[in-house]
>>> print(open('work-v6.tsv').read())   # TSV, C-alpha atoms
chain	number	residue	atom	x	y	z
A	1	MET	CA	44.96	-40.68	313.98
A	2	ARG	CA	48.02	-38.80	312.70
A	3	THR	CA	51.39	-40.56	312.68
A	4	VAL	CA	54.33	-38.16	312.97
A	5	ALA	CA	57.87	-39.16	312.06
A	6	CYS	CA	60.30	-36.96	314.02
A	7	LEU	CA	63.39	-37.44	311.91
A	8	ASN	CA	66.35	-35.88	313.71
A	9	GLY	CA	65.59	-33.39	316.50
A	10	ASN	CA	68.57	-32.06	318.40
A	11	ARG	CA	70.54	-35.30	318.16
A	12	ARG	CA	74.17	-34.74	317.32
A	13	PRO	CA	75.71	-36.22	314.15
A	14	GLY	CA	76.95	-39.69	314.98
A	15	ALA	CA	74.25	-40.35	317.59
A	16	HIS	CA	72.88	-42.96	315.19
A	17	PRO	CA	74.24	-44.22	311.84
A	18	ALA	CA	70.98	-43.37	310.04
A	19	LEU	CA	70.33	-39.96	311.63
A	20	PRO	CA	69.46	-37.62	308.72
A	21	ILE	CA	71.49	-34.42	308.74
A	22	SER	CA	72.07	-33.14	305.21
A	23	PRO	CA	69.12	-31.97	303.07
A	24	ASP	CA	69.48	-35.02	300.82
A	25	GLN	CA	69.43	-37.34	303.84
A	26	ILE	CA	66.40	-35.60	305.34
A	27	VAL	CA	64.45	-35.83	302.09
A	28	ALA	CA	65.30	-39.49	301.48
A	29	ASP	CA	64.53	-40.35	305.10
A	30	ALA	CA	61.22	-38.50	304.98
A	31	ARG	CA	60.19	-40.39	301.86
A	32	ALA	CA	61.01	-43.72	303.51
A	33	ALA	CA	59.13	-42.75	306.68
A	34	VAL	CA	56.03	-41.79	304.69
A	35	ASP	CA	56.25	-45.05	302.74
A	36	ALA	CA	56.32	-46.81	306.13
A	37	GLY	CA	53.09	-45.12	307.21
A	38	ALA	CA	53.90	-41.63	308.49
A	39	THR	CA	51.37	-38.95	307.59
A	40	CYS	CA	53.51	-36.05	308.84
A	41	VAL	CA	57.25	-35.48	309.14
A	42	HIS	CA	58.77	-33.20	311.77
A	43	VAL	CA	62.16	-31.75	310.91
A	44	HIS	CA	64.96	-29.80	312.57
A	45	PRO	CA	66.75	-28.29	309.54
A	46	ARG	CA	70.57	-28.35	309.58
A	47	ASP	CA	73.08	-25.99	308.00
A	48	GLY	CA	76.29	-26.89	306.19
A	49	HIS	CA	78.03	-27.46	309.53
A	50	ALA	CA	75.35	-29.98	310.64
A	51	GLU	CA	74.05	-27.49	313.21
A	52	GLN	CA	70.35	-26.84	313.69
A	53	ALA	CA	69.34	-23.71	311.81
A	54	LEU	CA	66.22	-21.63	311.19
A	55	GLU	CA	67.69	-19.30	308.56
A	56	PRO	CA	65.44	-18.89	305.49
A	57	GLN	CA	68.27	-19.98	303.19
A	58	VAL	CA	68.43	-23.28	305.10
A	59	LEU	CA	64.72	-23.90	305.49
A	60	THR	CA	63.49	-22.93	302.02
A	61	PRO	CA	65.34	-25.55	299.94
A	62	VAL	CA	64.54	-28.30	302.46
A	63	LEU	CA	60.83	-27.49	302.32
A	64	ARG	CA	60.89	-27.32	298.53
A	65	GLU	CA	62.55	-30.72	298.21
A	66	LEU	CA	60.35	-32.30	300.87
A	67	ARG	CA	57.18	-31.13	299.14
A	68	ALA	CA	58.37	-32.64	295.90
A	69	ALA	CA	59.30	-35.93	297.57
A	70	ILE	CA	56.27	-36.41	299.88
A	71	PRO	CA	53.45	-34.41	298.28
A	72	GLY	CA	50.67	-35.97	300.37
A	73	ALA	CA	52.30	-35.59	303.78
A	74	MET	CA	52.32	-32.69	306.23
A	75	ILE	CA	55.65	-31.02	306.99
A	76	SER	CA	56.30	-29.70	310.48
A	77	VAL	CA	59.32	-27.61	311.50
A	78	THR	CA	60.74	-26.81	314.91
A	79	THR	CA	61.11	-23.33	316.40
A	80	SER	CA	62.88	-24.63	319.50
A	81	LEU	CA	65.51	-22.53	321.23
A	82	ALA	CA	67.79	-25.52	320.69
A	83	ALA	CA	67.74	-24.54	317.02
A	84	GLN	CA	68.43	-20.86	317.74
A	85	PRO	CA	69.34	-20.01	321.35
A	86	ASP	CA	68.93	-16.25	320.88
A	87	ALA	CA	65.19	-15.64	321.32
A	88	TRP	CA	65.19	-12.33	319.46
A	89	ARG	CA	67.21	-13.69	316.55
A	90	ARG	CA	64.83	-16.65	316.39
A	91	PHE	CA	61.89	-14.23	316.13
A	92	ASP	CA	63.66	-12.36	313.34
A	93	LEU	CA	64.46	-15.53	311.41
A	94	VAL	CA	60.91	-16.87	311.61
A	95	GLY	CA	59.66	-13.49	310.45
A	96	ARG	CA	61.91	-13.74	307.38
A	97	TRP	CA	60.91	-17.26	306.35
A	98	ALA	CA	60.18	-17.12	302.62
A	99	ALA	CA	58.76	-20.63	302.43
A	100	LEU	CA	56.34	-21.69	305.15
A	101	PRO	CA	55.86	-25.17	306.62
A	102	ASP	CA	52.47	-26.81	307.06
A	103	SER	CA	52.87	-26.37	310.81
A	104	ALA	CA	55.47	-25.35	313.38
A	105	THR	CA	56.05	-26.55	316.92
A	106	VAL	CA	56.35	-23.87	319.61
A	107	ASN	CA	57.06	-24.26	323.31
A	108	LEU	CA	55.37	-21.22	324.85
A	109	SER	CA	57.32	-21.75	328.07
A	110	GLU	CA	60.60	-20.95	326.33
A	111	PRO	CA	61.78	-17.32	326.38
A	112	GLY	CA	60.15	-15.59	323.44
A	113	GLY	CA	57.87	-18.54	322.74
A	114	ILE	CA	54.66	-16.53	323.01
A	115	GLU	CA	56.00	-13.91	320.61
A	116	VAL	CA	57.01	-16.56	318.07
A	117	ALA	CA	53.58	-18.18	318.32
A	118	ARG	CA	51.85	-14.88	317.67
A	119	LEU	CA	54.16	-14.21	314.74
A	120	LEU	CA	53.39	-17.61	313.23
A	121	HIS	CA	49.68	-17.00	313.72
A	122	ASP	CA	49.99	-13.67	311.90
A	123	ARG	CA	51.80	-15.47	309.09
A	124	ARG	CA	49.02	-18.10	308.97
A	125	VAL	CA	51.29	-20.97	309.94
A	126	PRO	CA	49.36	-23.53	312.01
A	127	ILE	CA	50.86	-23.97	315.47
A	128	GLU	CA	51.47	-27.15	317.42
A	129	ALA	CA	51.97	-26.03	321.00
A	130	VAL	CA	54.49	-28.12	322.92
A	131	VAL	CA	53.44	-28.64	326.53
A	132	THR	CA	55.96	-30.28	328.86
A	133	SER	CA	54.45	-29.42	332.25
A	134	VAL	CA	51.28	-28.39	334.05
A	135	MET	CA	52.52	-24.79	334.10
A	136	GLY	CA	52.97	-24.99	330.33
A	137	ALA	CA	49.38	-26.18	329.92
A	138	ARG	CA	48.11	-23.32	332.08
A	139	LEU	CA	50.22	-20.82	330.16
A	140	LEU	CA	48.79	-22.03	326.87
A	141	ALA	CA	45.27	-21.67	328.24
A	142	VAL	CA	45.71	-18.11	329.54
A	143	THR	CA	47.45	-16.73	326.45
A	144	GLY	CA	44.47	-17.43	324.25
A	145	ILE	CA	46.75	-18.19	321.31
A	146	GLU	CA	44.96	-20.22	318.66
A	147	VAL	CA	46.71	-23.54	318.09
A	148	GLU	CA	45.95	-26.30	315.64
A	149	ARG	CA	47.33	-29.07	317.85
A	150	ILE	CA	48.89	-29.66	321.23
A	151	ALA	CA	51.92	-31.89	321.75
A	152	VAL	CA	52.06	-33.27	325.28
A	153	ALA	CA	55.72	-34.08	325.84
A	154	PRO	CA	56.78	-34.75	329.45
A	155	THR	CA	60.49	-34.50	330.08
A	156	GLU	CA	60.82	-36.99	332.93
A	157	ALA	CA	63.00	-40.00	332.16
A	158	ASP	CA	61.04	-42.27	334.52
A	159	VAL	CA	57.93	-43.76	332.90
A	160	GLY	CA	55.81	-43.52	336.04
A	161	LYS	CA	56.71	-39.88	336.63
A	162	ALA	CA	56.15	-39.04	332.96
A	163	ARG	CA	52.69	-40.62	333.08
A	164	SER	CA	51.87	-38.65	336.23
A	165	THR	CA	52.81	-35.42	334.45
A	166	VAL	CA	50.70	-36.39	331.44
A	167	ALA	CA	47.69	-37.00	333.67
A	168	GLN	CA	48.06	-33.58	335.27
A	169	ILE	CA	48.51	-31.87	331.90
A	170	ASP	CA	45.50	-33.67	330.46
A	171	ALA	CA	43.38	-32.57	333.42
A	172	VAL	CA	44.14	-28.91	332.63
A	173	LEU	CA	43.65	-29.34	328.88
A	174	ASP	CA	40.43	-31.32	329.27
A	175	ARG	CA	39.01	-28.50	331.34
A	176	ARG	CA	40.32	-25.48	329.46
A	177	LEU	CA	41.39	-26.54	325.95
A	178	PRO	CA	39.47	-29.68	325.00
A	179	GLU	CA	39.16	-28.98	321.27
A	180	PRO	CA	42.65	-29.10	319.67
A	181	PRO	CA	43.82	-32.63	318.82
A	182	ARG	CA	46.73	-33.87	320.93
A	183	THR	CA	49.92	-35.70	320.20
A	184	LEU	CA	51.49	-37.58	323.09
A	185	HIS	CA	55.13	-38.61	322.99
A	186	GLY	CA	58.08	-39.36	325.21
A	187	ARG	CA	61.82	-39.59	324.73
A	188	ASP	CA	64.26	-42.46	325.11
A	189	GLN	CA	62.96	-44.70	327.94
A	190	THR	CA	59.46	-43.21	327.83
A	191	ALA	CA	59.04	-43.15	324.03
A	192	TRP	CA	57.33	-46.53	323.51
A	193	PRO	CA	55.31	-46.61	326.76
A	194	LEU	CA	53.85	-43.16	325.99
A	195	LEU	CA	53.24	-44.14	322.38
A	196	ASP	CA	51.14	-47.03	323.68
A	197	ASP	CA	49.32	-44.59	325.97
A	198	ALA	CA	48.66	-42.29	323.02
A	199	ILE	CA	47.15	-45.14	321.03
A	200	ALA	CA	44.95	-46.15	323.96
A	201	ALA	CA	43.75	-42.56	324.41
A	202	GLY	CA	43.09	-42.06	320.70
A	203	HIS	CA	45.70	-39.31	320.42
A	204	ASP	CA	48.03	-38.74	317.50
A	205	ILE	CA	51.31	-40.63	317.77
A	206	ARG	CA	54.89	-39.60	317.13
A	207	ILE	CA	58.06	-41.66	316.79
A	208	GLY	CA	61.48	-41.29	315.22
A	209	LEU	CA	65.15	-40.92	315.96
A	210	GLU	CA	64.50	-37.59	317.64
A	211	ASP	CA	62.59	-39.43	320.34
A	212	THR	CA	64.31	-42.83	320.50
A	213	LEU	CA	67.14	-44.75	318.90
A	214	PHE	CA	65.61	-48.11	319.81
A	215	GLY	CA	62.67	-50.18	318.68
A	216	PRO	CA	60.01	-51.54	321.03
A	217	ASP	CA	62.08	-54.72	321.44
A	218	GLY	CA	64.98	-52.71	322.91
A	219	ASN	CA	67.28	-53.23	319.94
A	220	GLU	CA	68.78	-50.32	318.07
A	221	ALA	CA	66.49	-49.32	315.20
A	222	HIS	CA	67.83	-49.47	311.67
A	223	ASP	CA	66.32	-46.10	310.73
A	224	ASN	CA	63.27	-43.85	311.06
A	225	ALA	CA	61.26	-45.97	308.65
A	226	GLU	CA	61.67	-49.01	310.90
A	227	LEU	CA	60.46	-47.02	313.91
A	228	VAL	CA	57.44	-45.71	312.01
A	229	ARG	CA	56.59	-49.16	310.72
A	230	ALA	CA	56.71	-50.58	314.25
A	231	ALA	CA	54.48	-47.77	315.53
A	232	VAL	CA	51.93	-48.28	312.75
A	233	GLU	CA	51.84	-52.03	313.42
A	234	ARG	CA	51.46	-51.33	317.13
A	235	THR	CA	48.55	-49.02	316.43
A	236	ALA	CA	46.80	-51.59	314.24
A	237	ALA	CA	47.28	-54.31	316.83
A	238	ARG	CA	45.77	-52.21	319.62
A	239	ARG	CA	42.85	-50.77	317.68
A	240	VAL	CA	39.58	-52.41	318.66
A	241	PRO	CA	37.44	-53.18	315.60
A	242	ALA	CA	34.30	-51.07	315.45
A	243	ASP	CA	32.11	-54.16	315.22
A	244	SER	CA	33.91	-56.19	317.92
A	245	ASN	CA	30.94	-55.94	320.28
A	246	SER	CA	28.30	-56.72	317.70
A	247	GLY	CA	26.32	-59.93	317.94
>>> encode(input="work-v6.tsv", output="structure tokens")
Amino acid sequence: MRTVACLNGNRRPGAHPALPISPDQIVADARAAVDAGATCVHVHPRDGHAEQALEPQVLTPVLRELRAAIPGAMISVTTSLAAQPDAWRRFDLVGRWAALPDSATVNLSEPGGIEVARLLHDRRVPIEAVVTSVMGARLLAVTGIEVERIAVAPTEADVGKARSTVAQIDAVLDRRLPEPPRTLHGRDQTAWPLLDDAIAAGHDIRIGLEDTLFGPDGNEAHDNAELVRAAVERTAARRVPADSNSG
């Protein structure tokens, strides 16, 4: 089971005291998250103005420093339109990446998402397809784009509604794309309930300040490492020992 630490996302500076924004903060935070049990870190790079950025001159040094700091961990980078709202400029920037991440997340439902996914495939960057709805799952199936993983990420704020969406997405994926491993994660109110669902289903898990600012007890988390540590402990507590049914 892969444990992903989503370090910052599209949170604005000041959303949390420990939100990593600068390259130095991202690298230090990634190291702490890996020490806490993360096997992959997911990053939204930021420029000198603390804005999300996909420019090669922003991404390259961050990747270089991350690889030096967490040599055994996977590094995932966003391609979300939140990082670059102009779909064609996003395509151009990704095409000019000099350093390549270990994987990149792509929401095919976003304008230009299919084109970015095909570009990443041509550049041999493994793709984690982000699926937020049943239509997104169907779109992924019909495009035939090869993906390494699928991130099921419902957008509903209500836990019950989010779980209903997950069930519908899973029904499509089970039928049409059963092979790629899945990550299941929520945001804010749904983050911990869906993390528990991911553990129960045997999916990869994801947690971090991108997804929630609070621990499972409802108190504000100190930092990403605390969130990862809580998720790892939660996973261990819910894992049934292989020999539990043995006589």
>>> residues_around(input="work-v6.tsv", residues="segment 206-216 of chain A", least_positions_apart="4", cutoff="7 Å", atoms="only C-alpha atoms", output="list of chain:residue names")
A:Thr3, A:Val4, A:Ala5, A:Cys6, A:Leu7, A:Asn8, A:Gly9, A:Asn10, A:Arg11, A:Leu19, A:His185, A:Gly186, A:Arg187, A:Asp188, A:Ala191, A:Trp192, A:Glu220, A:Ala221, A:Asn224, A:Leu227, A:Val228
>>> closest_residue(input="work-v6.tsv", among="A:Val62, A:Ala50, A:Val130, A:Met135", to="Pro23 of chain A", atoms="only C-alpha atoms")
A:Val62
>>> residues_around(input="work-v6.tsv", residues="Met1 of chain A", least_positions_apart="4", cutoff="12 Å", atoms="all atoms listed in the file", output="count of residues only")
22
>>> atom_distance(input="work-v6.tsv", atom1="atom CA of Leu119 of chain A", atom2="atom CA of Arg138 of chain A")
20.5 Å
>>> residues_around(input="work-v6.tsv", residues="Pro45 of chain A", least_positions_apart="6", cutoff="9 Å", atoms="only C-alpha atoms", output="list in words")
Asn8, Gly9, Ile21, Ser22, Pro23, Ile26, Glu51, Gln52, Ala53, Leu54, Val58, Leu59, Val62, Val77, Thr78 and Ala83 of chain A
>>> atom_distance(input="work-v6.tsv", atom1="atom CA of Ser164 of chain A", atom2="atom CA of Val142 of chain A")
22.5 Å
>>> residues_around(input="work-v6.tsv", residues="Ala99 of chain A", least_positions_apart="5", cutoff="9 Å", atoms="only C-alpha atoms", output="compact mmCIF listing (two decimals) with C-alpha atoms, in the frame of the given file")
# COMPACT_ATOMS: atom_id res chain seq x y z
CA PRO A 56 65.44 -18.89 305.49
CA LEU A 59 64.72 -23.90 305.49
CA THR A 60 63.49 -22.93 302.02
CA PRO A 61 65.34 -25.55 299.94
CA LEU A 63 60.83 -27.49 302.32
CA ARG A 64 60.89 -27.32 298.53
>>> closest_residue(input="work-v6.tsv", among="A:Thr165, A:Thr155, A:Ser109, A:Ser76", to="Ile127 of chain A", atoms="all atoms listed in the file")
A:Ser76
>>> residues_near_point(input="work-v6.tsv", point="(55.8, -35.0, 302.1)", cutoff="8 Å", atoms="all atoms listed in the file", output="PyMOL selection string")
chain A and resi 30-31+34+40-41+66-75
>>> atom_distance(input="work-v6.tsv", atom1="atom CA of Val94 of chain A", atom2="atom CA of Glu110 of chain A")
15.3 Å
>>> residues_around(input="work-v6.tsv", residues="Val159 of chain A", least_positions_apart="3", cutoff="7 Å", atoms="only C-alpha atoms", output="list of chain:residue names")
A:Ala162, A:Arg163, A:Thr190
>>> closest_residue(input="work-v6.tsv", among="A:Pro180, A:Arg46, A:Asp24, A:Asp174", to="Ala129 of chain A", atoms="only C-alpha atoms")
A:Pro180
>>> residues_near_point(input="work-v6.tsv", point="(49.1, -35.7, 335.3)", cutoff="12 Å", atoms="only C-alpha atoms", output="PDB file with C-alpha atoms, in the coordinates of the input")
ATOM      1  CA  THR A 132      55.960 -30.280 328.860  1.00  0.00           C
ATOM      2  CA  SER A 133      54.450 -29.420 332.250  1.00  0.00           C
ATOM      3  CA  VAL A 134      51.280 -28.390 334.050  1.00  0.00           C
ATOM      4  CA  MET A 135      52.520 -24.790 334.100  1.00  0.00           C
ATOM      5  CA  ALA A 137      49.380 -26.180 329.920  1.00  0.00           C
ATOM      6  CA  VAL A 152      52.060 -33.270 325.280  1.00  0.00           C
ATOM      7  CA  ALA A 153      55.720 -34.080 325.840  1.00  0.00           C
ATOM      8  CA  PRO A 154      56.780 -34.750 329.450  1.00  0.00           C
ATOM      9  CA  GLY A 160      55.810 -43.520 336.040  1.00  0.00           C
ATOM     10  CA  LYS A 161      56.710 -39.880 336.630  1.00  0.00           C
ATOM     11  CA  ALA A 162      56.150 -39.040 332.960  1.00  0.00           C
ATOM     12  CA  ARG A 163      52.690 -40.620 333.080  1.00  0.00           C
ATOM     13  CA  SER A 164      51.870 -38.650 336.230  1.00  0.00           C
ATOM     14  CA  THR A 165      52.810 -35.420 334.450  1.00  0.00           C
ATOM     15  CA  VAL A 166      50.700 -36.390 331.440  1.00  0.00           C
ATOM     16  CA  ALA A 167      47.690 -37.000 333.670  1.00  0.00           C
ATOM     17  CA  GLN A 168      48.060 -33.580 335.270  1.00  0.00           C
ATOM     18  CA  ILE A 169      48.510 -31.870 331.900  1.00  0.00           C
ATOM     19  CA  ASP A 170      45.500 -33.670 330.460  1.00  0.00           C
ATOM     20  CA  ALA A 171      43.380 -32.570 333.420  1.00  0.00           C
ATOM     21  CA  VAL A 172      44.140 -28.910 332.630  1.00  0.00           C
ATOM     22  CA  LEU A 173      43.650 -29.340 328.880  1.00  0.00           C
ATOM     23  CA  ASP A 174      40.430 -31.320 329.270  1.00  0.00           C
TER      24      ASP A 174
END
>>> closest_residue(input="work-v6.tsv", among="A:Gly95, A:Gly218, A:Leu177, A:Arg123", to="Leu140 of chain A", atoms="only C-alpha atoms")
A:Leu177
